[in-house]
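Trainee: My questions will all concern the structure given below.
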Amino acid sequence: MKLYLRNGFLEKEDPLVMGILNVTPDSFSDAGRFFEPEAAMAHARTMAAAGADIIDVGGESSRPGAAAIGLDEEIDRVLPVISRIKEETGVLVSVDTCKEEVAHRAVEEGGADIVNDISALRFSERMATVVAELDVPVVLMHILGTPETMQRDPSYADVVAEVADYFQERIDYALGRGIKKEKIILDPGIGFGKRLEDNIALIRHLKRFAEFELPLLVGVSRKSFLGLLGGEKTPEKREAETIAANLVAARNGAAILRVHDVDATVRALKVWRSLAE
Ligand code: 8Y4
């Protein structure tokens, strides 16, 4: 894969590993344990030492029904953590936000390298323009509706075709607002308005999205479809399921894997690189 950044690019044979850093008091998986900036920094350092290429810093939970937070609160949560990660480690930082002001300040003041917008530039009027001006890569993720509505009986006739159509529509929108094609990362949005069969189809047929000739990001880590497949009810116990799904995603062309457990993922990818054809 080749990832174009604001200045230069990053090229690597294996998928990049993006470690998840929730700076939220209400996130599903880590239950706000890293809300305190010190704890967040300790977790960031651990992920960097384990070989993370990117740390994804998010201040607002995308869980359905999670309380929306204000702009100032989101900035206060993520900005100090992003700045310190950039000062203290060599890893890239993505900012997980749908708000243009958060994206702008995270990049300009915090030094964030990537904007991870689960709404694919839809939830904030000027997000596309801000990203174009910043000239940073942006993740365009598929979601059916909004985090609030996405799991209300989602269905597709052909999920792969519908996600591909969505990608094309959002790419055209981004290009129209001045975002360069090589700064776009595509993400099928595993679990975001998808049934079990839809998540399976998207991972199984990930190669169909190769036609866009853009890096693909895949986020399966600890998600509930893995609980359905593997039988583990609690997210923290889905580590084996997560590794298995990530290796299939890697084989099928994922350029970036978004994970909670960086150490296990880096170690699994090393073995996969040695053994895969
Ligand atoms: C347990 C653990 C249960 C995690 C659910 C979850 C993605 C993402 C999220 C993704 C991109 C999550 C912010 C949902 N998922 N960004 N963000 N792609 N680009 N759920 O798949 O991790 S949050």
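Just so we're on the same page: first chain in the structure tokens is A, next is B, and so on; residues restart at 1 for each chain, and ligands are numbered from 1 in the order they show up.
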In range 93-181 of chain A, what's helix (DSSP H, G or I) per DSSP? Answer as a PyMOL selection string?
Mentor: chain A and resi 100-108+127-134+159-176+181
Trainee: Would you tabulate, counting only C-alpha atoms and all ligand atoms, all residues of chain A that have an atom at most 9 Å from an atom of ligand 1, showing the closest pair of atoms and their distance in Å to one decimal, sorted by chain then ascending number, as CSV?
Mentor:
residue,atom,partner,partner_atom_place_in_ligand_line,distance
A:Ile20,CA,ligand 1,22 (O),7.9
A:Ser27,CA,ligand 1,4 (C),8.4
A:Phe28,CA,ligand 1,1 (C),5.9
A:Ser29,CA,ligand 1,2 (C),4.8
A:Asp30,CA,ligand 1,2 (C),8.1
A:Asp56,CA,ligand 1,13 (C),8.0
A:Val57,CA,ligand 1,13 (C),8.7
A:Gly58,CA,ligand 1,13 (C),6.9
A:Glu60,CA,ligand 1,13 (C),8.8
A:Ser61,CA,ligand 1,23 (S),7.1
A:Ser62,CA,ligand 1,23 (S),5.6
A:Arg63,CA,ligand 1,14 (C),6.7
A:Asp96,CA,ligand 1,13 (C),5.7
A:Thr97,CA,ligand 1,13 (C),7.9
A:Asn116,CA,ligand 1,19 (N),5.6
A:Asp117,CA,ligand 1,19 (N),6.8
A:Ile118,CA,ligand 1,16 (N),5.6
A:Val139,CA,ligand 1,19 (N),6.0
A:Leu140,CA,ligand 1,19 (N),7.3
A:Met141,CA,ligand 1,19 (N),5.7
A:His142,CA,ligand 1,18 (N),8.6
A:Ile185,CA,ligand 1,19 (N),8.9
A:Leu186,CA,ligand 1,19 (N),8.2
A:Asp187,CA,ligand 1,19 (N),6.0
A:Pro188,CA,ligand 1,21 (O),7.4
A:Gly189,CA,ligand 1,21 (O),4.6
A:Ile190,CA,ligand 1,21 (O),5.1
A:Gly191,CA,ligand 1,21 (O),7.1
A:Phe192,CA,ligand 1,21 (O),7.5
A:Leu217,CA,ligand 1,19 (N),6.5
A:Val218,CA,ligand 1,21 (O),5.8
A:Gly219,CA,ligand 1,21 (O),3.5
A:Val220,CA,ligand 1,21 (O),6.1
A:Ser221,CA,ligand 1,4 (C),6.0
A:Arg222,CA,ligand 1,2 (C),4.5
A:Lys223,CA,ligand 1,3 (C),4.2
A:Ser224,CA,ligand 1,3 (C),5.7
A:Thr234,CA,ligand 1,1 (C),8.1
A:Pro235,CA,ligand 1,1 (C),4.9
A:Glu236,CA,ligand 1,1 (C),7.6
A:Arg238,CA,ligand 1,1 (C),8.8
A:Leu257,CA,ligand 1,18 (N),8.8
A:Arg258,CA,ligand 1,18 (N),6.8
A:Val259,CA,ligand 1,22 (O),8.1
A:His260,CA,ligand 1,2 (C),8.0
Trainee: I need the residue nearest Asp263 in chain A from this list: A:His43, A:His205, A:Arg251, A:Lys237. Use only C-alpha atoms for the distance.
Mentor: A:His43
Trainee: Between CA of Ala255 in chain A and CA of Val95 in chain A, what distance in Å does the model show, to one decimal?
Mentor: 17.8 Å
Trainee: List every residue of range 12-258 of chain A that DSSP, applied to the backbone of this structure, assigns to strand (DSSP E or B), and report them as a PyMOL selection string.
Mentor: chain A and resi 16-22+54-58+92-96+114-117+138-141+184-187+216-218+256-258
Trainee: Can you list, as number ranges by chain, every protein, DNA or RNA residue that comes within 7 Å of range 154-167 of chain A when you count only C-alpha atoms, leaving out same-chain residues fewer than 6 positions away?
Mentor: A: 142, 188, 193-195, 198, 202, 209
Trainee: Go ahead and write the selection's residues with C-alpha atoms as a short mmCIF file (atom, residue, chain, number, x, y, z; two decimals), in the first residue's frame.
Mentor:
data_model
loop_
_atom_site.label_atom_id
_atom_site.label_comp_id
_atom_site.auth_asym_id
_atom_site.auth_seq_id
_atom_site.Cartn_x
_atom_site.Cartn_y
_atom_site.Cartn_z
CA HIS A 142 -19.94 3.86 4.57
CA PRO A 188 -16.90 -0.23 4.10
CA GLY A 193 -25.99 -0.35 9.57
CA LYS A 194 -25.13 -3.92 8.55
CA ARG A 195 -26.55 -7.35 9.33
CA ASP A 198 -23.63 -7.91 5.17
CA LEU A 202 -18.08 -6.99 2.70
CA PHE A 209 -13.39 -2.26 -4.03
#
Trainee: Counting only C-alpha atoms, what is within 6 Å of Ser94 in chain A, bar same-chain residues fewer than 2 positions away, as a ChimeraX atom specification?
Mentor: /A:56,112-115
Trainee: Save out the residues we just selected, C-alpha atoms, as a PDB file, in the first residue's frame.
Mentor:
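The new file again22.pdb reads:
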ATOM      1  CA  ASP A  56      -6.918   6.950  15.909  1.00  0.00           C
ATOM      2  CA  ALA A 112      -2.918  15.227  13.281  1.00  0.00           C
ATOM      3  CA  ASP A 113      -2.111  13.550   9.955  1.00  0.00           C
ATOM      4  CA  ILE A 114      -5.440  11.997   8.883  1.00  0.00           C
ATOM      5  CA  VAL A 115      -9.132  12.837   9.292  1.00  0.00           C
TER       6      VAL A 115
END
Trainee: Calculated over only C-alpha atoms, which of the candidates A:Ala240, A:Arg6, A:Glu108, A:Ala254 has the smallest distance to Ala268 in chain A?
Mentor: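 Distance minimum relative to Ala268 in chain A lands on A:Ala240.
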Trainee: With distances taken over only C-alpha atoms, which residue among A:Ala245, A:Ala106, A:Cys98, A:Leu175 lies nearest Phe123 in chain A?
Mentor: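 When distances to Phe123 in chain A are compared using only C-alpha atoms, the smallest one comes from A:Cys98.
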Trainee: If we count only C-alpha atoms and set the cut-off at 9 Å, which residues sit around Leu229 in chain A, ignoring sequence neighbours fewer than 3 positions away in its own chain? Please answer as number ranges by chain.
Mentor: A: 196, 224-226, 232, 241
Trainee: Create the file for the chosen residues now, containing all heavy atoms and written as a compact mmCIF listing (two decimals), in the first residue's frame.
Mentor:
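Writing the result to selection30.txt gives the following:
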# COMPACT_ATOMS: atom_id res chain seq x y z
N LEU A 196 -25.36 -9.36 10.03
CA LEU A 196 -24.24 -10.30 10.02
C LEU A 196 -23.82 -10.65 8.60
O LEU A 196 -22.64 -10.59 8.24
CB LEU A 196 -24.61 -11.58 10.79
CG LEU A 196 -23.58 -12.72 10.72
CD1 LEU A 196 -22.24 -12.29 11.33
CD2 LEU A 196 -24.11 -13.98 11.41
N SER A 224 -19.68 -6.63 17.11
CA SER A 224 -20.67 -7.61 17.55
C SER A 224 -20.86 -8.74 16.56
O SER A 224 -21.21 -9.86 16.96
CB SER A 224 -22.00 -6.93 17.88
OG SER A 224 -22.45 -6.22 16.75
N PHE A 225 -20.61 -8.52 15.25
CA PHE A 225 -20.76 -9.63 14.29
C PHE A 225 -19.77 -10.74 14.62
O PHE A 225 -20.05 -11.92 14.38
CB PHE A 225 -20.60 -9.15 12.84
CG PHE A 225 -19.18 -9.04 12.34
CD1 PHE A 225 -18.66 -10.01 11.49
CD2 PHE A 225 -18.37 -7.98 12.71
CE1 PHE A 225 -17.35 -9.92 11.02
CE2 PHE A 225 -17.07 -7.89 12.25
CZ PHE A 225 -16.56 -8.85 11.41
N LEU A 226 -18.63 -10.38 15.22
CA LEU A 226 -17.65 -11.40 15.63
C LEU A 226 -18.16 -12.18 16.84
O LEU A 226 -17.86 -13.37 16.98
CB LEU A 226 -16.29 -10.76 15.94
CG LEU A 226 -15.58 -10.14 14.74
CD1 LEU A 226 -14.29 -9.45 15.17
CD2 LEU A 226 -15.28 -11.20 13.68
N GLU A 232 -18.58 -15.22 21.48
CA GLU A 232 -18.19 -14.41 22.64
C GLU A 232 -19.09 -13.19 22.79
O GLU A 232 -19.18 -12.35 21.89
CB GLU A 232 -16.72 -13.98 22.53
CG GLU A 232 -15.74 -15.03 22.99
CD GLU A 232 -15.91 -15.42 24.46
OE1 GLU A 232 -16.62 -14.71 25.22
OE2 GLU A 232 -15.34 -16.45 24.85
N GLU A 241 -11.28 -13.91 17.41
CA GLU A 241 -12.16 -13.61 16.28
C GLU A 241 -11.64 -12.39 15.51
O GLU A 241 -11.67 -12.33 14.28
CB GLU A 241 -13.58 -13.34 16.79
CG GLU A 241 -14.29 -14.54 17.40
CD GLU A 241 -13.97 -14.77 18.88
OE1 GLU A 241 -13.02 -14.16 19.41
OE2 GLU A 241 -14.69 -15.59 19.51
Trainee: Residues within 12 Å of Leu3 in chain A, please, as a short mmCIF file (atom, residue, chain, number, x, y, z; two decimals) with N, CA and C atoms, in the first residue's frame. Count only C-alpha atoms; anything in the same chain fewer than 6 positions from it doesn't count.
Mentor:
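Listing of around.cif after writing:
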data_model
loop_
_atom_site.label_atom_id
_atom_site.label_comp_id
_atom_site.auth_asym_id
_atom_site.auth_seq_id
_atom_site.Cartn_x
_atom_site.Cartn_y
_atom_site.Cartn_z
N PHE A 9 4.79 10.54 1.43
CA PHE A 9 3.92 9.37 1.50
C PHE A 9 4.56 8.30 2.34
N LEU A 10 3.74 7.31 2.72
CA LEU A 10 4.19 6.15 3.48
C LEU A 10 3.92 4.93 2.63
N GLU A 11 4.96 4.11 2.39
CA GLU A 11 4.79 2.91 1.58
C GLU A 11 5.21 1.70 2.38
N LYS A 12 4.35 0.68 2.37
CA LYS A 12 4.61 -0.52 3.15
C LYS A 12 3.96 -1.70 2.46
N GLU A 13 4.61 -2.87 2.55
CA GLU A 13 4.05 -4.05 1.89
C GLU A 13 2.82 -4.56 2.64
N PRO A 15 -0.37 -4.37 5.55
CA PRO A 15 -1.32 -3.35 6.01
C PRO A 15 -0.75 -2.54 7.18
N LEU A 16 -1.12 -1.28 7.23
CA LEU A 16 -0.79 -0.45 8.39
C LEU A 16 -1.72 -0.81 9.53
N ASP A 53 1.19 1.95 13.43
CA ASP A 53 1.59 2.94 12.41
C ASP A 53 0.81 4.22 12.58
N ILE A 54 -0.43 4.07 13.07
CA ILE A 54 -1.36 5.20 13.22
C ILE A 54 -2.08 5.01 14.56
N LEU A 92 1.80 8.18 13.21
CA LEU A 92 0.81 9.07 12.62
C LEU A 92 -0.41 9.10 13.53
N ASP A 113 -2.52 13.84 11.33
CA ASP A 113 -2.11 13.55 9.96
C ASP A 113 -3.27 13.15 9.05
N ILE A 114 -4.34 12.60 9.65
CA ILE A 114 -5.44 12.00 8.88
C ILE A 114 -6.76 12.39 9.55
N VAL A 136 -4.87 16.94 3.95
CA VAL A 136 -4.56 15.67 4.65
C VAL A 136 -5.45 14.56 4.09
N PRO A 137 -5.02 13.30 4.22
CA PRO A 137 -5.89 12.22 3.81
C PRO A 137 -7.14 12.14 4.68
N VAL A 138 -8.23 11.70 4.05
CA VAL A 138 -9.52 11.58 4.77
C VAL A 138 -10.12 10.21 4.51
N VAL A 139 -10.64 9.61 5.59
CA VAL A 139 -11.32 8.33 5.48
C VAL A 139 -12.79 8.59 5.17
N LYS A 181 -7.66 13.10 -5.27
CA LYS A 181 -8.04 11.69 -5.27
C LYS A 181 -7.11 10.86 -4.38
N GLU A 182 -5.80 11.15 -4.46
CA GLU A 182 -4.84 10.32 -3.72
C GLU A 182 -4.90 10.55 -2.21
N LYS A 183 -5.71 11.50 -1.77
CA LYS A 183 -5.86 11.74 -0.33
C LYS A 183 -7.11 11.06 0.23
N ILE A 184 -7.75 10.21 -0.57
CA ILE A 184 -8.98 9.54 -0.12
C ILE A 184 -8.70 8.09 0.27
N ILE A 185 -9.22 7.71 1.44
CA ILE A 185 -9.16 6.33 1.96
C ILE A 185 -10.61 5.86 2.06
N LEU A 186 -10.90 4.65 1.58
CA LEU A 186 -12.27 4.12 1.61
C LEU A 186 -12.43 3.08 2.70
N GLU A 213 -8.91 1.92 -6.78
CA GLU A 213 -7.45 2.17 -6.67
C GLU A 213 -7.13 3.15 -5.56
N LEU A 214 -7.80 2.94 -4.41
CA LEU A 214 -7.55 3.76 -3.22
C LEU A 214 -7.32 2.83 -2.04
N PRO A 215 -6.57 3.30 -1.02
CA PRO A 215 -6.37 2.45 0.16
C PRO A 215 -7.71 2.12 0.84
N LEU A 216 -7.83 0.89 1.31
CA LEU A 216 -9.04 0.45 2.02
C LEU A 216 -8.73 0.30 3.50
N LEU A 217 -9.56 0.91 4.33
CA LEU A 217 -9.45 0.77 5.78
C LEU A 217 -10.56 -0.17 6.23
N ALA A 255 -5.63 -2.02 3.41
CA ALA A 255 -4.39 -1.26 3.54
C ALA A 255 -4.16 -0.81 4.97
N ILE A 256 -5.25 -0.66 5.73
CA ILE A 256 -5.18 -0.19 7.11
C ILE A 256 -6.16 -1.02 7.94
#
Trainee: When you draw a straight line from CA of Gly145 in chain A to CA of Tyr173 in chain A, how long is it in Å?
Mentor: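 Spanning CA of Gly145 in chain A to CA of Tyr173 in chain A is a straight-line distance of 17.3 Å.
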